[in-house]
>>> print(open('run-v1.txt').read())   # compact mmCIF, C-alpha atoms
# COMPACT_ATOMS: atom_id res chain seq x y z
CA MET Q 38 0.00 0.00 0.00
CA HIS Q 39 1.44 3.39 -1.05
CA VAL Q 40 2.09 5.94 1.69
CA ILE Q 41 2.77 9.60 0.91
CA THR Q 42 6.15 10.61 2.29
CA SER Q 43 7.02 13.74 0.25
CA THR Q 44 5.63 17.27 0.10
CA SER Q 45 5.22 17.13 -3.69
CA ALA Q 46 3.12 13.96 -3.57
CA LEU Q 47 1.04 15.39 -0.75
CA SER Q 48 0.46 18.62 -2.69
CA GLU Q 49 -0.71 16.73 -5.78
CA THR Q 50 -3.04 14.52 -3.75
CA CYS Q 51 -4.56 17.44 -1.85
CA SER Q 52 -5.11 19.33 -5.12
CA ARG Q 53 -7.12 16.41 -6.49
CA LEU Q 54 -9.09 16.09 -3.25
CA ALA Q 55 -9.84 19.84 -3.29
CA ALA Q 56 -11.65 19.37 -6.58
CA GLY Q 57 -14.33 17.32 -4.84
CA ASP Q 58 -17.10 18.64 -2.61
CA TYR Q 59 -16.02 16.62 0.43
CA VAL Q 60 -13.06 14.80 1.94
CA THR Q 61 -13.16 12.21 4.71
CA VAL Q 62 -10.44 12.62 7.31
CA ASP Q 63 -8.96 10.63 10.18
CA THR Q 64 -5.72 10.82 12.14
CA GLU Q 65 -3.69 8.48 14.28
CA PHE Q 66 -1.70 9.99 17.12
CA MET Q 67 0.00 9.23 20.41
CA ARG Q 68 -0.37 11.18 23.64
CA GLU Q 69 0.05 8.69 26.46
CA GLN Q 70 3.45 10.18 27.37
CA THR Q 71 2.86 13.79 26.31
CA PHE Q 72 0.59 16.75 26.98
CA TRP Q 73 0.26 17.65 23.30
CA PRO Q 74 -0.81 14.90 20.87
CA ASP Q 75 1.91 13.65 18.50
CA LEU Q 76 0.51 13.33 14.97
CA CYS Q 77 1.62 9.98 13.52
CA LEU Q 78 -0.61 9.34 10.49
CA ILE Q 79 -3.19 11.12 8.32
CA GLN Q 80 -5.83 9.31 6.27
CA LEU Q 81 -7.78 11.05 3.51
CA ALA Q 82 -10.42 9.97 1.01
CA GLY Q 83 -12.69 11.69 -1.47
CA PRO Q 84 -14.69 10.71 -4.55
CA GLY Q 85 -12.35 8.35 -6.41
CA GLU Q 86 -9.33 9.20 -4.26
CA GLU Q 87 -7.80 7.83 -1.07
CA ALA Q 88 -4.44 8.33 0.57
CA ILE Q 89 -2.33 7.73 3.67
CA VAL Q 90 0.12 10.46 4.67
CA ASP Q 91 3.14 9.90 6.90
CA PRO Q 92 3.70 13.14 8.84
CA LEU Q 93 6.85 11.63 10.40
CA ALA Q 94 8.57 11.22 7.02
CA PRO Q 95 11.85 13.20 6.90
CA GLY Q 96 11.44 16.60 5.24
CA ILE Q 97 7.69 16.41 4.59
CA ASP Q 98 5.78 19.72 4.87
CA LEU Q 99 2.11 19.31 5.80
CA ALA Q 100 1.14 22.76 4.50
CA PRO Q 101 -0.88 21.30 1.55
CA PHE Q 102 -2.92 19.22 4.00
CA TYR Q 103 -3.62 22.23 6.21
CA ARG Q 104 -4.66 24.30 3.16
CA LEU Q 105 -7.15 21.56 2.31
CA MET Q 106 -8.46 21.62 5.88
CA ALA Q 107 -9.02 25.38 5.58
CA ASP Q 108 -10.67 25.24 2.15
CA PRO Q 109 -14.27 26.51 2.64
CA GLY Q 110 -15.43 24.78 -0.54
CA VAL Q 111 -14.68 21.27 0.71
CA VAL Q 112 -16.67 19.66 3.53
CA LYS Q 113 -14.38 17.89 6.00
CA VAL Q 114 -16.03 14.67 7.16
CA PHE Q 115 -14.93 13.16 10.48
CA HIS Q 116 -16.33 10.54 12.82
CA ALA Q 117 -16.21 11.83 16.42
CA ALA Q 118 -14.29 14.87 15.22
CA ARG Q 119 -13.11 16.51 18.44
CA GLN Q 120 -9.70 14.83 18.83
CA ASP Q 121 -8.90 15.07 15.12
CA VAL Q 122 -9.79 18.76 15.07
CA GLU Q 123 -7.79 19.30 18.25
CA ILE Q 124 -4.61 17.94 16.70
CA VAL Q 125 -5.02 20.06 13.56
CA TYR Q 126 -5.57 23.10 15.76
CA SER Q 127 -2.56 22.35 17.97
CA GLU Q 128 -0.29 21.67 14.98
CA ALA Q 129 -1.40 24.42 12.59
CA GLY Q 130 -3.51 26.85 14.60
CA LEU Q 131 -6.55 26.39 12.37
CA ILE Q 132 -9.96 24.74 12.63
CA PRO Q 133 -11.04 22.57 9.68
CA THR Q 134 -14.16 24.12 8.20
CA PRO Q 135 -16.84 23.33 7.21
CA ILE Q 136 -17.17 20.14 9.27
CA PHE Q 137 -19.58 17.22 9.13
CA ASP Q 138 -19.36 14.87 12.13
CA THR Q 139 -20.94 11.52 11.26
CA GLN Q 140 -21.30 10.54 14.93
CA VAL Q 141 -23.48 13.59 15.61
CA ALA Q 142 -25.34 13.17 12.32
CA ALA Q 143 -26.03 9.54 13.21
CA MET Q 144 -27.65 10.65 16.48
CA VAL Q 145 -29.93 12.97 14.49
CA CYS Q 146 -30.79 10.13 12.11
CA GLY Q 147 -31.78 7.66 14.83
CA PHE Q 148 -28.68 5.47 15.15
CA GLY Q 149 -28.53 5.93 18.91
CA GLU Q 150 -26.18 7.83 21.22
CA SER Q 151 -22.44 8.03 20.50
CA VAL Q 152 -22.60 5.24 17.92
CA SER Q 153 -19.16 3.79 17.20
CA TYR Q 154 -17.58 3.86 13.76
CA VAL Q 155 -17.52 0.05 13.65
CA ASN Q 156 -21.25 -0.20 14.35
CA LEU Q 157 -22.09 2.60 11.92
CA VAL Q 158 -20.10 0.94 9.13
CA LYS Q 159 -21.92 -2.33 9.82
CA LYS Q 160 -25.37 -0.71 9.82
CA VAL Q 161 -24.82 1.41 6.70
CA THR Q 162 -22.57 -0.76 4.52
CA GLY Q 163 -22.89 -4.24 6.04
CA CYS Q 164 -19.08 -4.54 6.34
CA ASP Q 165 -17.30 -5.89 9.42
CA LEU Q 166 -14.16 -3.95 10.34
CA ASP Q 167 -11.09 -5.50 11.95
CA LYS Q 168 -10.19 -3.12 14.81
CA SER Q 169 -7.35 -5.22 16.23
CA SER Q 170 -4.78 -2.58 15.16
CA ARG Q 171 -6.54 0.25 16.94
CA PHE Q 172 -4.20 0.49 19.93
CA THR Q 173 -0.90 -0.16 18.18
CA ASP Q 174 2.06 2.21 18.40
CA TRP Q 175 1.53 4.52 15.45
CA SER Q 176 4.86 6.26 15.98
CA ARG Q 177 6.95 3.17 15.14
CA ARG Q 178 8.25 2.69 11.63
CA PRO Q 179 7.83 0.81 9.41
CA LEU Q 180 4.07 0.41 9.74
CA SER Q 181 2.73 -3.04 8.84
CA GLU Q 182 0.38 -3.70 5.96
CA LYS Q 183 -2.28 -4.67 8.52
CA GLN Q 184 -1.95 -1.29 10.24
CA LEU Q 185 -2.22 0.58 6.95
CA VAL Q 186 -5.29 -1.38 5.83
CA TYR Q 187 -6.94 -0.65 9.17
CA ALA Q 188 -6.06 3.03 8.99
CA LEU Q 189 -7.34 3.51 5.46
CA GLY Q 190 -10.61 1.77 6.34
CA ASP Q 191 -11.34 4.61 8.74
CA VAL Q 192 -11.87 6.96 5.79
CA THR Q 193 -12.93 4.80 2.85
CA HIS Q 194 -16.11 3.53 4.51
CA LEU Q 195 -16.68 7.03 5.85
CA ARG Q 196 -17.50 8.15 2.30
CA ASP Q 197 -20.51 5.82 2.14
CA ILE Q 198 -21.60 6.81 5.64
CA TYR Q 199 -21.40 10.52 4.80
CA ILE Q 200 -23.48 10.14 1.64
CA HIS Q 201 -26.06 7.99 3.47
CA LEU Q 202 -26.43 10.39 6.41
CA LYS Q 203 -26.42 13.51 4.24
CA THR Q 204 -29.19 12.04 2.09
CA GLU Q 205 -31.19 11.12 5.20
CA LEU Q 206 -30.80 14.59 6.70
CA GLU Q 207 -31.90 16.25 3.47
CA ALA Q 208 -34.90 13.93 3.13
CA THR Q 209 -36.06 14.76 6.66
CA SER Q 210 -35.10 18.49 6.50
CA ARG Q 211 -32.82 18.08 9.52
CA GLU Q 212 -29.60 19.54 8.11
CA THR Q 213 -29.78 22.58 10.40
CA TRP Q 214 -30.11 20.37 13.50
CA LEU Q 215 -26.36 19.80 13.37
CA ASP Q 216 -25.51 23.50 13.33
CA GLU Q 217 -25.24 23.96 17.09
CA GLU Q 218 -22.98 20.95 17.56
CA MET Q 219 -20.80 21.87 14.56
CA ALA Q 220 -20.50 25.43 15.90
CA GLU Q 221 -19.03 24.06 19.13
CA LEU Q 222 -16.64 21.78 17.22
CA THR Q 223 -15.37 24.69 15.11
CA ALA Q 224 -14.97 27.18 17.98
CA PRO Q 225 -11.30 27.81 18.92
CA SER Q 226 -12.37 28.10 22.58
CA THR Q 227 -13.19 24.37 22.51
CA TYR Q 228 -9.51 23.54 22.00
CA GLU Q 229 -7.65 26.34 23.78
CA CYS Q 230 -5.84 25.25 26.94
CA HIS Q 231 -5.80 28.32 29.16
CA PRO Q 232 -4.23 27.44 32.54
CA GLU Q 233 -6.65 29.68 34.43
CA ASN Q 234 -9.54 27.56 33.16
CA ALA Q 235 -7.91 24.18 33.83
CA TRP Q 236 -9.93 23.62 37.03
CA GLN Q 237 -13.14 23.41 34.96
CA ARG Q 238 -12.21 19.98 33.58
CA LEU Q 239 -11.97 18.50 37.09
CA LYS Q 240 -14.93 16.39 38.19
CA MET Q 241 -14.78 16.33 41.98
CA ARG Q 242 -16.09 19.08 44.26
CA VAL Q 243 -14.31 21.09 46.92
CA LYS Q 244 -15.89 21.85 50.29
CA ASN Q 245 -16.06 25.67 50.16
CA ARG Q 246 -15.15 28.77 48.15
CA LYS Q 247 -11.74 29.15 49.80
CA ALA Q 248 -10.87 25.63 48.70
CA LEU Q 249 -12.14 26.47 45.21
CA ALA Q 250 -9.78 29.46 45.05
CA VAL Q 251 -6.84 27.21 45.96
CA LEU Q 252 -7.95 24.55 43.46
CA ILE Q 253 -8.05 27.13 40.65
CA GLU Q 254 -4.48 28.21 41.40
CA LEU Q 255 -3.23 24.63 41.75
CA ALA Q 256 -4.84 23.50 38.49
CA ALA Q 257 -3.37 26.51 36.66
CA TRP Q 258 0.09 25.77 38.08
CA ARG Q 259 -0.13 22.13 36.99
CA GLU Q 260 -1.41 23.07 33.52
CA ARG Q 261 1.45 25.50 32.88
CA LEU Q 262 4.03 22.96 34.01
CA ALA Q 263 2.51 20.10 31.99
CA GLN Q 264 2.39 22.25 28.85
CA ALA Q 265 5.94 23.52 29.30
CA GLN Q 266 7.34 20.03 29.87
CA ASP Q 267 4.95 18.37 27.37
CA VAL Q 268 3.93 15.65 29.81
CA PRO Q 269 0.48 14.42 30.92
CA ARG Q 270 -1.12 16.40 33.76
CA GLY Q 271 -1.08 13.36 36.03
CA ARG Q 272 2.69 13.14 35.65
CA ILE Q 273 2.93 16.50 37.43
CA LEU Q 274 0.27 15.82 40.09
CA ARG Q 275 -2.74 13.52 40.20
CA ASP Q 276 -6.26 14.94 40.44
CA GLU Q 277 -6.79 13.35 43.86
CA ALA Q 278 -3.77 15.22 45.22
CA LEU Q 279 -5.08 18.52 43.82
CA TYR Q 280 -8.34 18.12 45.74
CA ASP Q 281 -6.58 16.99 48.88
CA ILE Q 282 -4.31 20.04 48.86
CA ALA Q 283 -7.19 22.40 48.01
CA ASN Q 284 -9.27 21.14 50.92
CA GLN Q 285 -6.41 20.91 53.46
CA GLN Q 286 -4.62 24.12 52.35
CA PRO Q 287 -1.16 23.32 53.80
CA ALA Q 288 0.69 26.51 54.73
CA SER Q 289 4.18 24.97 54.58
CA VAL Q 290 6.08 22.14 52.97
CA ASP Q 291 6.09 20.38 56.35
CA LYS Q 292 2.27 20.37 56.36
CA LEU Q 293 2.36 19.14 52.77
CA SER Q 294 4.26 16.05 53.89
CA GLU Q 295 1.30 15.02 56.05
CA LEU Q 296 -1.01 14.46 53.04
CA ARG Q 297 -1.56 10.81 52.09
CA THR Q 298 -2.09 11.60 48.42
CA LEU Q 299 1.54 12.69 48.02
CA SER Q 300 4.47 10.29 47.89
CA ASP Q 301 7.12 10.05 50.57
CA GLY Q 302 9.78 12.66 50.04
CA PHE Q 303 7.60 14.87 47.84
CA SER Q 304 7.75 17.69 50.40
CA ARG Q 305 11.52 17.98 49.78
CA SER Q 306 11.09 18.62 46.05
CA GLN Q 307 11.03 21.94 44.19
CA ARG Q 308 7.41 21.32 43.27
CA ALA Q 309 6.47 21.24 46.96
CA ARG Q 310 7.54 24.87 47.35
CA GLU Q 311 5.66 25.83 44.18
CA ILE Q 312 2.51 24.10 45.48
CA VAL Q 313 2.66 25.97 48.79
CA ASP Q 314 3.05 29.22 46.83
CA ALA Q 315 -0.02 28.31 44.75
CA VAL Q 316 -1.98 27.63 47.96
CA GLN Q 317 -1.02 31.07 49.26
CA ARG Q 318 -2.08 32.72 46.00
CA GLY Q 319 -5.43 30.97 46.23
CA LEU Q 320 -5.99 32.00 49.84
CA GLY Q 321 -5.14 35.57 48.91
CA ARG Q 322 -7.62 35.81 46.04
CA ASP Q 323 -10.47 38.31 46.12
CA PRO Q 324 -13.61 36.19 46.77
CA THR Q 325 -15.60 38.36 44.33
CA THR Q 326 -13.45 37.03 41.46
CA LEU Q 327 -14.48 33.43 42.11
CA PRO Q 328 -17.25 31.57 40.29
CA ASN Q 329 -20.18 30.31 42.32
CA LEU Q 330 -19.93 26.82 43.72
CA PRO Q 331 -22.60 24.37 42.54
CA ARG Q 332 -25.22 24.39 45.24
CA GLY Q 333 -25.61 20.66 45.26
CA GLN Q 334 -28.99 21.01 46.96
CA PRO Q 335 -31.45 18.17 46.41
CA LEU Q 336 -34.51 18.86 44.32
CA SER Q 337 -37.82 19.34 46.06
CA ALA Q 338 -40.22 16.41 46.05
CA GLU Q 339 -42.33 18.13 43.39
CA ALA Q 340 -39.32 18.91 41.17
CA SER Q 341 -37.98 15.36 41.58
CA ALA Q 342 -41.31 13.89 40.47
CA THR Q 343 -41.45 16.31 37.55
CA MET Q 344 -37.96 15.37 36.46
CA GLU Q 345 -38.81 11.67 36.45
CA LEU Q 346 -41.77 12.39 34.19
CA LEU Q 347 -39.60 14.55 31.95
CA LYS Q 348 -37.18 11.64 31.53
CA VAL Q 349 -40.03 9.44 30.32
CA LEU Q 350 -41.28 12.17 27.99
CA LEU Q 351 -37.77 12.69 26.59
CA LYS Q 352 -37.32 9.01 25.79
CA ALA Q 353 -40.74 8.89 24.17
CA SER Q 354 -40.11 12.03 22.10
CA ALA Q 355 -36.70 10.77 21.01
CA ALA Q 356 -38.09 7.40 19.98
CA ARG Q 357 -40.99 8.95 18.10
CA HIS Q 358 -38.74 11.29 16.11
CA ARG Q 359 -35.80 8.83 15.83
CA VAL Q 360 -33.29 11.11 17.51
CA ALA Q 361 -30.81 10.23 20.27
CA PRO Q 362 -32.20 11.58 23.61
CA ARG Q 363 -28.86 13.15 24.60
CA LEU Q 364 -28.96 15.34 21.51
CA ILE Q 365 -32.31 16.80 22.58
CA ALA Q 366 -31.69 17.36 26.30
CA ASP Q 367 -29.25 16.38 29.02
CA SER Q 368 -29.86 15.84 32.73
CA ASP Q 369 -29.00 19.47 33.52
CA ASP Q 370 -31.68 20.66 31.07
CA LEU Q 371 -34.26 18.39 32.69
CA GLU Q 372 -33.32 19.44 36.21
CA ARG Q 373 -33.56 23.12 35.38
CA ILE Q 374 -36.89 22.70 33.57
CA ALA Q 375 -38.24 20.85 36.60
CA SER Q 376 -36.97 23.28 39.22
CA GLU Q 377 -36.75 26.76 37.66
CA PRO Q 378 -39.68 29.01 36.75
CA ASP Q 379 -38.11 30.29 33.51
CA PRO Q 380 -35.11 28.13 32.56
CA ASP Q 381 -32.89 29.15 29.65
CA VAL Q 382 -31.65 25.81 28.31
CA PRO Q 383 -30.97 24.42 24.80
CA ALA Q 384 -33.91 22.00 25.11
CA LEU Q 385 -36.29 24.98 25.05
CA ARG Q 386 -34.82 26.54 21.90
CA GLY Q 387 -35.11 25.88 18.16
CA TRP Q 388 -35.87 22.40 16.89
CA ARG Q 389 -35.46 20.91 20.37
CA ARG Q 390 -38.36 23.02 21.65
CA HIS Q 391 -40.51 21.78 18.79
CA LEU Q 392 -39.65 18.12 19.45
CA PHE Q 393 -39.63 18.15 23.23
CA GLY Q 394 -39.50 21.54 24.96
CA GLU Q 395 -43.11 22.64 24.44
CA ASP Q 396 -44.46 19.33 25.69
CA ALA Q 397 -42.02 19.44 28.62
CA LEU Q 398 -43.39 22.80 29.75
CA LYS Q 399 -46.97 21.62 29.31
CA LEU Q 400 -46.21 18.49 31.35
CA LYS Q 401 -44.72 20.63 34.11
CA ARG Q 402 -47.83 22.88 34.14
CA GLY Q 403 -50.18 19.90 34.27
CA GLU Q 404 -51.47 20.56 30.77
CA LEU Q 405 -50.18 17.24 29.48
CA ALA Q 406 -50.38 13.69 30.77
CA LEU Q 407 -48.50 10.52 29.88
CA THR Q 408 -50.20 7.26 29.07
CA LEU Q 409 -49.19 3.87 27.73
CA HIS Q 410 -50.77 2.52 24.58
CA LYS Q 411 -49.62 -0.78 23.02
CA GLY Q 412 -46.24 -0.45 24.72
CA GLU Q 413 -45.68 3.13 23.56
CA VAL Q 414 -45.66 6.19 25.84
CA LEU Q 415 -48.01 8.85 24.55
CA ALA Q 416 -48.54 12.44 25.66
CA ILE Q 417 -52.21 13.45 25.87
CA SER Q 418 -54.16 16.44 27.08
CA PRO Q 419 -55.94 15.59 30.34
CA ARG Q 420 -59.69 15.98 30.34
>>> encode(input="run-v1.txt", output="structure tokens")
Amino acid sequence: MHVITSTSALSETCSRLAAGDYVTVDTEFMREQTFWPDLCLIQLAGPGEEAIVDPLAPGIDLAPFYRLMADPGVVKVFHAARQDVEIVYSEAGLIPTPIFDTQVAAMVCGFGESVSYVNLVKKVTGCDLDKSSRFTDWSRRPLSEKQLVYALGDVTHLRDIYIHLKTELEATSRETWLDEEMAELTAPSTYECHPENAWQRLKMRVKNRKALAVLIELAAWRERLAQAQDVPRGRILRDEALYDIANQQPASVDKLSELRTLSDGFSRSQRAREIVDAVQRGLGRDPTTLPNLPRGQPLSAEASATMELLKVLLKASAARHRVAPRLIADSDDLERIASEPDPDVPALRGWRRHLFGEDALKLKRGELALTLHKGEVLAISPR
């Protein structure tokens, strides 16, 4: 199987692909040992054209590929696009546009939530893919024929999937339903790693606002260090240790040595001093500059009951319209609809309001009831 290893061959291939109205794209990369993903392989396919590009080939310039990614006249088709877009953004500082994400489109077309590429290929084309090469080391050379066949399959079948989903969306007038999700995928803010915002990706909660201030400073410190050294965040300090330090707020390296989440001897390292400094910065922050902590208060009995009914209504609406429930509303939407008098959530805007939002509000006001008929949940107006 031919692999492009020169700039001239890449330029010729990208010129031919640019003549089409779409190109399917996939990348293989490694990031287990780094903060930034290392691009190891690029796969491309268009009408009558398919190619594998080796970005690790000596002397190759990927500029033709990035020009293709920026070409507004060619739709870039990805499956689960976020990581692929992230690596293009980190390598070239650009967002591929316009984008068509087949995973999102599949949710709109009734294939379920977060459908995998393997399952989508099977459902649309009937082909069974061999995914045994998925977790191989893509940075090692030479790549085997089996690896290359696997890699190319990630874009060749994607052509058929794109055409199938695009046709389905046009037939059901649902093309615009993807706009909101594509807007998020093409927003630079989705991929920017600002240290001051690093705390937002953490899942656990701190006990009070003072601890939150310390956590913000600690997460920013770790993010800057991980980026500068190009290592995973956990290599600098694990999440559990961040929370432990934020809640305990050690004022000295001696106090730091008392924490169980840190290894023996850590308090004698340079990082220990930096952590104590970060704790002091957090404790010295102006409380008015801090975001509000999630209240974490339980819903009232009435709101809890309403939310349970909304879950049933959401599943019924999604099944009736053949759309993945998660694309219509998430649990936060449902909770806010159930508990707030005038919630501003995506589920109450645009096509989502038409499919679900209006009925959700009626159900909450008692203007709609749910009943079961031949195994199907139906919404009816109570007499």
>>> closest_atom_pairs(input="run-v1.txt", of="range 46-130 of chain Q", to="range 203-225 of chain Q", cutoff="8 Å", atoms="all atoms listed in the file", output="CSV")
residue,atom,partner,partner_atom,distance
Q:Ala118,CA,Q:Leu222,CA,7.6
Q:Arg119,CA,Q:Leu222,CA,6.5
Q:Val122,CA,Q:Leu222,CA,7.8
>>> write_last_selection(input="run-v1.txt", atoms="C-alpha atoms", output="tab-separated table (two decimals), keeping the file's coordinate frame")
chain	number	residue	atom	x	y	z
Q	118	ALA	CA	-14.29	14.87	15.22
Q	119	ARG	CA	-13.11	16.51	18.44
Q	122	VAL	CA	-9.79	18.76	15.07
>>> residues_around(input="run-v1.txt", residues="Val60 in chain Q", least_positions_apart="6", cutoff="7 Å", atoms="all atoms listed in the file", output="PyMOL selection string")
chain Q and resi 54+81-83+111-114
>>> residues_near_point(input="run-v1.txt", point="(0.2, 20.2, 38.2)", cutoff="9 Å", atoms="all atoms listed in the file", output="ChimeraX atom specification")
/Q:255-263,270-276,279,308,312
>>> residues_around(input="run-v1.txt", residues="Met344 in chain Q", least_positions_apart="3", cutoff="9 Å", atoms="only C-alpha atoms", output="VMD selection string")
chain Q and resid 339 to 341 347 to 349 368 371 to 376 401
>>> residues_around(input="run-v1.txt", residues="Ile79 in chain Q", least_positions_apart="3", cutoff="6 Å", atoms="only C-alpha atoms", output="PyMOL selection string")
chain Q and resi 64+89-90
>>> atom_distance(input="run-v1.txt", atom1="CA of Asp138 in chain Q", atom2="CA of Glu87 in chain Q")
18.9 Å
>>> atom_distance(input="run-v1.txt", atom1="CA of Asp379 in chain Q", atom2="CA of Ile417 in chain Q")
23.3 Å
>>> closest_residue(input="run-v1.txt", among="Q:Val382, Q:Ala397, Q:Ala361, Q:Leu392", to="Val152 in chain Q", atoms="only C-alpha atoms")
Q:Ala361
>>> residues_around(input="run-v1.txt", residues="Glu128 in chain Q", least_positions_apart="3", cutoff="10 Å", atoms="all atoms listed in the file", output="list in words")
Trp73, Pro74, Asp75, Leu76, Leu99, Tyr103, Val122, Glu123, Ile124, Val125 and Leu131 of chain Q
>>> atom_distance(input="run-v1.txt", atom1="CA of Leu364 in chain Q", atom2="CA of Met144 in chain Q")
7.0 Å
>>> residues_around(input="run-v1.txt", residues="range 43-53 of chain Q", least_positions_apart="3", cutoff="9 Å", atoms="all atoms listed in the file", output="list in words")
Ala56, Gly57, Leu81, Gly83, Glu86, Glu87, Ala88, Val90, Asp91, Ala94, Pro95, Gly96, Ile97, Asp98, Leu99, Ala100, Pro101, Phe102, Arg104 and Leu105 of chain Q
>>> closest_residue(input="run-v1.txt", among="Q:Arg196, Q:His410, Q:Arg357, Q:Arg363", to="Gly85 in chain Q", atoms="only C-alpha atoms")
Q:Arg196
>>> closest_residue(input="run-v1.txt", among="Q:Asp191, Q:Glu377, Q:Asp367, Q:Asp167", to="Thr343 in chain Q", atoms="only C-alpha atoms")
Q:Glu377
>>> closest_residue(input="run-v1.txt", among="Q:Pro135, Q:Pro287, Q:Gly149, Q:Pro380", to="Ser304 in chain Q", atoms="only C-alpha atoms")
Q:Pro287
>>> axis_aligned_box(input="run-v1.txt", around="range 220-235 of chain Q", padding_each_side="8 Å", output="lines of an AutoDock Vina configuration file")
center_x = -12.4
center_y = 25.7
center_z = 24.8
size_x = 32.3
size_y = 23.9
size_z = 35.3
>>> closest_residue(input="run-v1.txt", among="Q:Ala250, Q:Ala353, Q:Ala265, Q:Leu299", to="Gly319 in chain Q", atoms="all atoms listed in the file")
Q:Ala250
>>> closest_residue(input="run-v1.txt", among="Q:Leu398, Q:His231, Q:Asn329, Q:Pro335", to="Gln264 in chain Q", atoms="all atoms listed in the file")
Q:His231
